[in-house]
file model.cif (mmCIF, C-alpha atoms)
data_my_file
#
loop_
_atom_site.label_atom_id
_atom_site.label_comp_id
_atom_site.auth_asym_id
_atom_site.auth_seq_id
_atom_site.Cartn_x
_atom_site.Cartn_y
_atom_site.Cartn_z
CA SER A 178 50.52 -80.47 -302.98
CA GLU A 179 47.95 -82.00 -305.33
CA ILE A 180 45.74 -78.93 -305.07
CA ASP A 181 48.62 -76.70 -306.16
CA VAL A 182 48.61 -78.22 -309.64
CA LEU A 183 44.88 -77.99 -310.25
CA SER A 184 43.64 -75.34 -312.63
CA GLU A 185 43.37 -71.89 -311.06
CA ASN A 186 40.49 -71.10 -313.40
CA VAL A 187 38.04 -73.45 -311.69
CA LYS A 188 38.94 -73.48 -308.00
CA SER A 189 36.13 -71.07 -307.13
CA PHE A 190 33.33 -73.39 -308.29
CA ASP A 191 31.55 -75.48 -305.66
CA ALA A 192 31.87 -78.61 -307.80
CA GLN A 193 35.61 -78.19 -308.00
CA VAL A 194 35.81 -77.68 -304.26
CA LYS A 195 34.08 -81.05 -303.88
CA LEU A 196 36.54 -82.69 -306.24
CA ASN A 197 39.60 -81.05 -304.72
CA SER A 198 38.62 -82.26 -301.25
CA MET A 199 37.90 -85.84 -302.35
CA ASP A 200 40.34 -88.39 -300.93
CA MET A 201 42.03 -91.02 -303.09
CA LYS A 202 39.85 -93.89 -301.85
CA SER A 203 36.65 -92.03 -302.70
CA ALA A 204 38.02 -91.04 -306.10
CA LEU A 205 38.80 -94.69 -306.88
CA VAL A 206 35.29 -95.73 -305.82
CA CYS A 207 33.83 -93.11 -308.19
CA ALA A 208 36.20 -94.18 -310.97
CA ARG A 209 35.09 -97.81 -310.70
CA LYS A 210 31.42 -96.83 -310.82
CA LEU A 211 32.04 -94.57 -313.81
CA LEU A 212 33.96 -97.31 -315.65
CA ASN A 213 31.14 -99.76 -314.96
CA GLY A 214 28.65 -97.31 -316.41
CA ILE A 215 30.76 -96.86 -319.53
CA ASN A 216 31.12 -100.59 -320.14
CA THR A 217 27.48 -101.52 -319.46
CA THR A 218 25.62 -98.81 -321.36
CA VAL A 219 23.99 -99.89 -324.59
CA VAL A 220 23.67 -96.89 -326.89
CA PRO A 221 20.06 -96.80 -328.16
CA ARG A 222 18.95 -96.06 -331.69
CA ARG A 223 18.50 -92.33 -332.17
CA ASN A 224 14.91 -91.29 -331.72
CA GLY A 225 12.94 -89.00 -334.01
CA LYS A 226 13.38 -85.94 -331.80
CA GLU A 227 17.18 -86.19 -331.97
CA GLU A 228 17.09 -86.48 -335.75
CA GLU A 229 14.79 -83.45 -335.99
CA LYS A 230 17.23 -81.51 -333.80
CA ASP A 231 20.09 -82.34 -336.19
CA GLU A 232 18.08 -81.27 -339.23
CA SER A 233 17.13 -77.96 -337.63
CA ASP A 234 20.82 -77.26 -336.93
CA ASP A 235 21.90 -77.61 -340.59
CA GLY A 236 23.43 -74.40 -341.94
CA GLY A 237 24.50 -74.77 -345.55
CA SER A 238 25.94 -77.39 -347.87
CA LYS A 239 29.26 -77.66 -346.04
CA ASN A 240 27.52 -78.20 -342.71
CA GLU A 241 25.18 -80.71 -344.33
CA ILE A 242 28.15 -82.71 -345.64
CA ASN A 243 29.85 -82.59 -342.25
CA ASP A 244 26.59 -83.54 -340.54
CA GLU A 245 26.10 -86.52 -342.85
CA THR A 246 29.68 -87.70 -342.28
CA GLN A 247 29.32 -87.29 -338.52
CA GLN A 248 26.02 -89.18 -338.52
CA MET A 249 27.65 -92.07 -340.41
CA MET A 250 30.52 -92.13 -337.91
CA ASN A 251 28.09 -92.04 -335.00
CA ALA A 252 26.06 -94.89 -336.48
CA ALA A 253 29.20 -97.01 -336.87
CA THR A 254 30.25 -96.17 -333.32
CA HIS A 255 26.85 -97.23 -332.00
CA ILE A 256 27.16 -100.64 -333.65
CA VAL A 257 30.74 -101.31 -332.51
CA TRP A 258 30.08 -99.95 -329.02
CA ASN A 259 27.02 -102.11 -328.41
CA ARG A 260 28.77 -105.25 -329.66
CA LEU A 261 31.61 -104.63 -327.21
CA VAL A 262 29.14 -104.10 -324.35
CA GLU A 263 27.65 -107.50 -325.13
CA ASN A 264 31.09 -109.13 -325.44
CA LYS A 265 32.34 -110.87 -322.29
CA ASP A 266 36.03 -110.63 -323.18
CA MET A 267 36.32 -107.08 -324.55
CA THR A 268 34.80 -103.80 -323.37
CA PRO A 269 34.39 -100.33 -324.90
CA SER A 270 36.92 -98.84 -322.48
CA LYS A 271 39.59 -101.30 -323.61
CA VAL A 272 39.04 -100.98 -327.34
CA LEU A 273 37.61 -97.56 -328.17
CA GLY A 274 38.98 -94.06 -327.62
CA ARG A 275 37.62 -90.73 -326.45
CA LYS A 276 35.93 -89.86 -329.75
CA SER A 277 33.77 -92.96 -329.49
CA LEU A 278 33.18 -92.30 -325.80
CA LYS A 279 32.03 -88.78 -326.68
CA VAL A 280 29.26 -90.30 -328.82
CA ALA A 281 28.12 -92.61 -326.03
CA TRP A 282 28.69 -90.25 -323.10
CA PRO A 283 25.30 -88.40 -323.16
CA TYR A 284 23.51 -91.73 -322.69
CA ILE A 285 25.93 -92.86 -319.98
CA GLU A 286 25.56 -89.55 -318.17
CA GLU A 287 21.78 -89.78 -318.35
CA ARG A 288 21.93 -93.13 -316.55
CA PHE A 289 24.06 -91.55 -313.83
CA ARG A 290 21.64 -88.65 -313.55
CA ARG A 291 18.69 -90.96 -313.18
CA GLY A 292 20.47 -92.86 -310.45
CA ALA A 293 21.36 -89.63 -308.68
CA ASP A 294 17.79 -88.40 -309.08
CA SER A 295 19.09 -85.07 -310.40
CA ALA A 296 16.19 -84.41 -312.73
CA ASP A 297 16.08 -80.77 -311.64
CA ASP A 298 19.73 -80.13 -312.48
CA SER A 299 19.87 -76.58 -313.87
CA SER A 300 22.77 -77.50 -316.19
CA ILE A 301 20.55 -79.66 -318.41
CA ASN A 302 20.48 -78.41 -322.00
CA ASN A 303 18.32 -79.23 -325.00
CA VAL A 304 20.37 -82.27 -325.99
CA ASP A 305 20.02 -83.70 -322.48
CA ALA A 306 16.27 -83.06 -322.58
CA LEU A 307 15.95 -85.06 -325.81
CA ILE A 308 17.94 -87.96 -324.44
CA ARG A 309 15.71 -87.96 -321.38
CA SER A 310 12.83 -89.01 -323.60
CA TYR A 311 14.23 -92.56 -323.64
CA SER A 312 12.43 -94.88 -321.27
CA ILE A 313 13.96 -96.31 -318.10
CA GLU A 314 14.00 -99.71 -319.81
CA ILE A 315 16.29 -98.39 -322.55
CA LEU A 316 18.49 -96.28 -320.27
CA PRO A 317 18.20 -97.79 -316.78
CA ALA A 318 19.44 -95.78 -313.83
CA ILE A 319 22.86 -96.47 -312.33
CA ALA A 320 22.88 -96.24 -308.54
CA PRO A 321 25.47 -93.86 -307.04
CA PRO A 322 28.58 -95.41 -305.46
CA GLN A 323 28.11 -96.34 -301.82
CA GLY A 324 29.74 -94.15 -299.22
CA ILE A 325 30.08 -91.13 -301.54
CA GLU A 326 28.18 -87.88 -301.00
CA MET A 327 25.68 -87.27 -303.79
CA ASP A 328 27.06 -83.81 -304.59
CA SER A 329 30.57 -85.24 -304.86
CA TRP A 330 29.43 -88.02 -307.20
CA ILE A 331 27.52 -85.61 -309.44
CA ALA A 332 30.54 -83.30 -309.52
CA TYR A 333 32.79 -86.25 -310.39
CA TYR A 334 30.92 -87.58 -313.43
CA THR A 335 29.97 -84.08 -314.61
CA GLU A 336 33.60 -82.94 -314.59
CA PHE A 337 34.62 -86.15 -316.38
CA GLY A 338 32.19 -85.26 -319.16
CA ASN A 339 33.45 -81.67 -319.29
CA LEU A 340 37.06 -82.82 -319.64
CA LEU A 341 36.06 -85.33 -322.32
CA THR A 342 34.33 -82.58 -324.29
CA LYS A 343 37.33 -80.27 -323.92
CA ALA A 344 39.75 -82.96 -325.08
CA CYS A 345 37.64 -83.66 -328.18
CA GLN A 346 37.44 -79.93 -328.93
CA ASN A 347 41.23 -79.77 -328.72
CA ASP A 348 41.42 -82.63 -331.23
CA LYS A 349 39.24 -80.73 -333.69
CA SER A 350 40.91 -77.36 -333.33
CA LYS A 351 44.43 -78.83 -333.08
CA GLN A 352 45.32 -75.77 -331.06
CA ALA A 353 48.97 -75.13 -330.31
CA ASP A 354 50.15 -75.58 -326.75
CA ASP A 355 51.29 -72.14 -325.65
CA GLY A 356 52.50 -73.42 -322.29
CA GLU A 357 50.53 -70.77 -320.43
CA ASN A 358 46.87 -71.79 -320.42
CA GLU A 359 45.98 -74.53 -317.96
CA ASP A 360 43.91 -77.31 -319.50
CA ASP A 361 42.61 -79.89 -317.04
CA SER A 362 41.62 -82.22 -319.89
CA LYS A 363 45.33 -82.87 -320.49
CA LEU A 364 45.62 -84.34 -316.99
CA LEU A 365 43.23 -87.09 -318.07
CA TRP A 366 43.53 -87.47 -321.83
CA ALA A 367 47.08 -86.49 -322.81
CA HIS A 368 49.26 -89.27 -324.23
CA ASP A 369 51.65 -88.97 -321.28
CA LYS A 370 48.75 -89.18 -318.79
CA GLY A 371 49.18 -85.55 -317.76
CA VAL A 372 52.84 -85.74 -316.74
CA SER A 373 53.88 -82.78 -318.91
CA GLU A 374 50.91 -80.68 -317.84
CA LEU A 375 51.62 -81.30 -314.15
CA GLN A 376 55.29 -80.44 -314.60
CA ARG A 377 54.39 -77.28 -316.51
CA ARG A 378 52.10 -76.13 -313.69
CA GLN A 379 54.67 -76.89 -311.02
CA ASP A 380 57.37 -75.00 -312.94
CA ARG A 381 55.09 -72.02 -313.41
CA ARG A 382 54.24 -71.89 -309.72
CA ALA A 383 57.92 -72.23 -308.79
CA LYS A 384 58.81 -69.28 -311.05
CA ARG A 385 55.98 -67.25 -309.57
CA ALA A 386 57.16 -68.00 -306.02
CA GLU A 387 60.72 -67.10 -306.99
CA SER A 388 59.55 -63.83 -308.50
CA LEU A 389 57.56 -62.93 -305.39
CA THR A 390 60.52 -63.74 -303.15
CA GLN A 391 62.82 -61.61 -305.28
CA SER A 392 60.36 -58.71 -305.19
CA LYS A 393 60.13 -58.97 -301.40
CA ASN A 394 63.92 -59.01 -301.05
CA ASP A 395 64.26 -55.99 -303.34
CA ALA A 396 61.67 -54.11 -301.30
CA GLU A 397 63.50 -54.91 -298.06
CA LYS A 398 66.81 -53.72 -299.51
CA GLU A 399 65.24 -50.45 -300.63
CA SER A 400 63.75 -49.96 -297.18
CA VAL A 401 67.14 -50.50 -295.51
CA ALA A 402 68.85 -48.14 -297.93
CA GLU A 403 66.33 -45.37 -297.20
CA GLU A 404 67.00 -45.71 -293.48
#

call {"tool": "encode", "arguments": {"input": "model.cif", "output": "structure tokens"}}
result
Amino acid sequence: SEIDVLSENVKSFDAQVKLNSMDMKSALVCARKLLNGINTTVVPRRNGKEEEKDESDDGGSKNEINDETQQMMNAATHIVWNRLVENKDMTPSKVLGRKSLKVAWPYIEERFRRGADSADDSSINNVDALIRSYSIEILPAIAPPQGIEMDSWIAYYTEFGNLLTKACQNDKSKQADDGENEDDSKLLWAHDKGVSELQRRQDRRAKRAESLTQSKNDAEKESVAEE
């Protein structure tokens, strides 16, 4: 089943239970709302508090160089992203990749949060708090999709952001695929659209089932022999 190929590391979380129980129609409704949020969000100019946060995080010349390079890349992404949002023929989701989306995602997510009225969300961190300082005119709320439970919608866009972050971390670390660890981000962001990851999980579960069956048969044979 579909649940059988989901990561075993996250099945115990309430948010994942919500996602695992979501039917295809509801998932498509959430996907359309999420895509609309991506393609309609204008990334604002960074405010003073965000810049102060970056400066306080500097840790040496190498970090300063990396920070400066990243800030230049972010600034370029902001410009290109906003021009695509204003373009009627092209959209950010059609032209830009996950690295650009990672830059814009905190602002997109904040619009979703405002629409979901989840201001008391305990998962909010310092970066989220700084982004919240933008006015409602700059980052207007996006209403939740109709017919979807609020908890399910929050779980949906939150998990999307988590998988985006994980995929970008994989890009940076260029970690080798050991074939054992389950990585849900590959289901969404891998070049083959998660086909290899799904097959790997199915094969692993099949081998586990085969091993359990063999162990049971061996135990039964030993029991018969003792009799």

call {"tool": "closest_residue", "arguments": {"input": "model.cif", "among": "A:Ala281, A:Met250, A:Ala293, A:Val257", "to": "Ile319 in chain A", "atoms": "only C-alpha atoms"}}
result
A:Ala293

call {"tool": "residues_around", "arguments": {"input": "model.cif", "residues": "Pro317 in chain A", "least_positions_apart": "3", "cutoff": "8 Å", "atoms": "only C-alpha atoms", "output": "VMD selection string"}}
result
chain A and resid 288 291 312 to 314

call {"tool": "resolve_selection", "arguments": {"input": "model.cif", "expression": "the PyMOL selection byres ((chain A and resi 215-222) around 9)", "output": "ChimeraX atom specification"}}
result
/A:210-214,223-224,252,255-256,258-263,268-270,278,280-282,284-285,288,311,315-317

call {"tool": "closest_residue", "arguments": {"input": "model.cif", "among": "A:Lys393, A:Lys279, A:Arg385, A:Arg290", "to": "Gln346 in chain A", "atoms": "only C-alpha atoms"}}
result
A:Lys279

call {"tool": "atom_distance", "arguments": {"input": "model.cif", "atom1": "CA of Glu286 in chain A", "atom2": "CA of Leu273 in chain A"}}
result
17.6 Å

call {"tool": "atom_distance", "arguments": {"input": "model.cif", "atom1": "CA of Met249 in chain A", "atom2": "CA of Ala306 in chain A"}}
result
23.0 Å

call {"tool": "atom_distance", "arguments": {"input": "model.cif", "atom1": "CA of Asn197 in chain A", "atom2": "CA of Ser277 in chain A"}}
result
28.1 Å

call {"tool": "closest_residue", "arguments": {"input": "model.cif", "among": "A:Ser310, A:Ser388, A:Ala332, A:Gly274", "to": "Ala344 in chain A", "atoms": "only C-alpha atoms"}}
result
A:Gly274
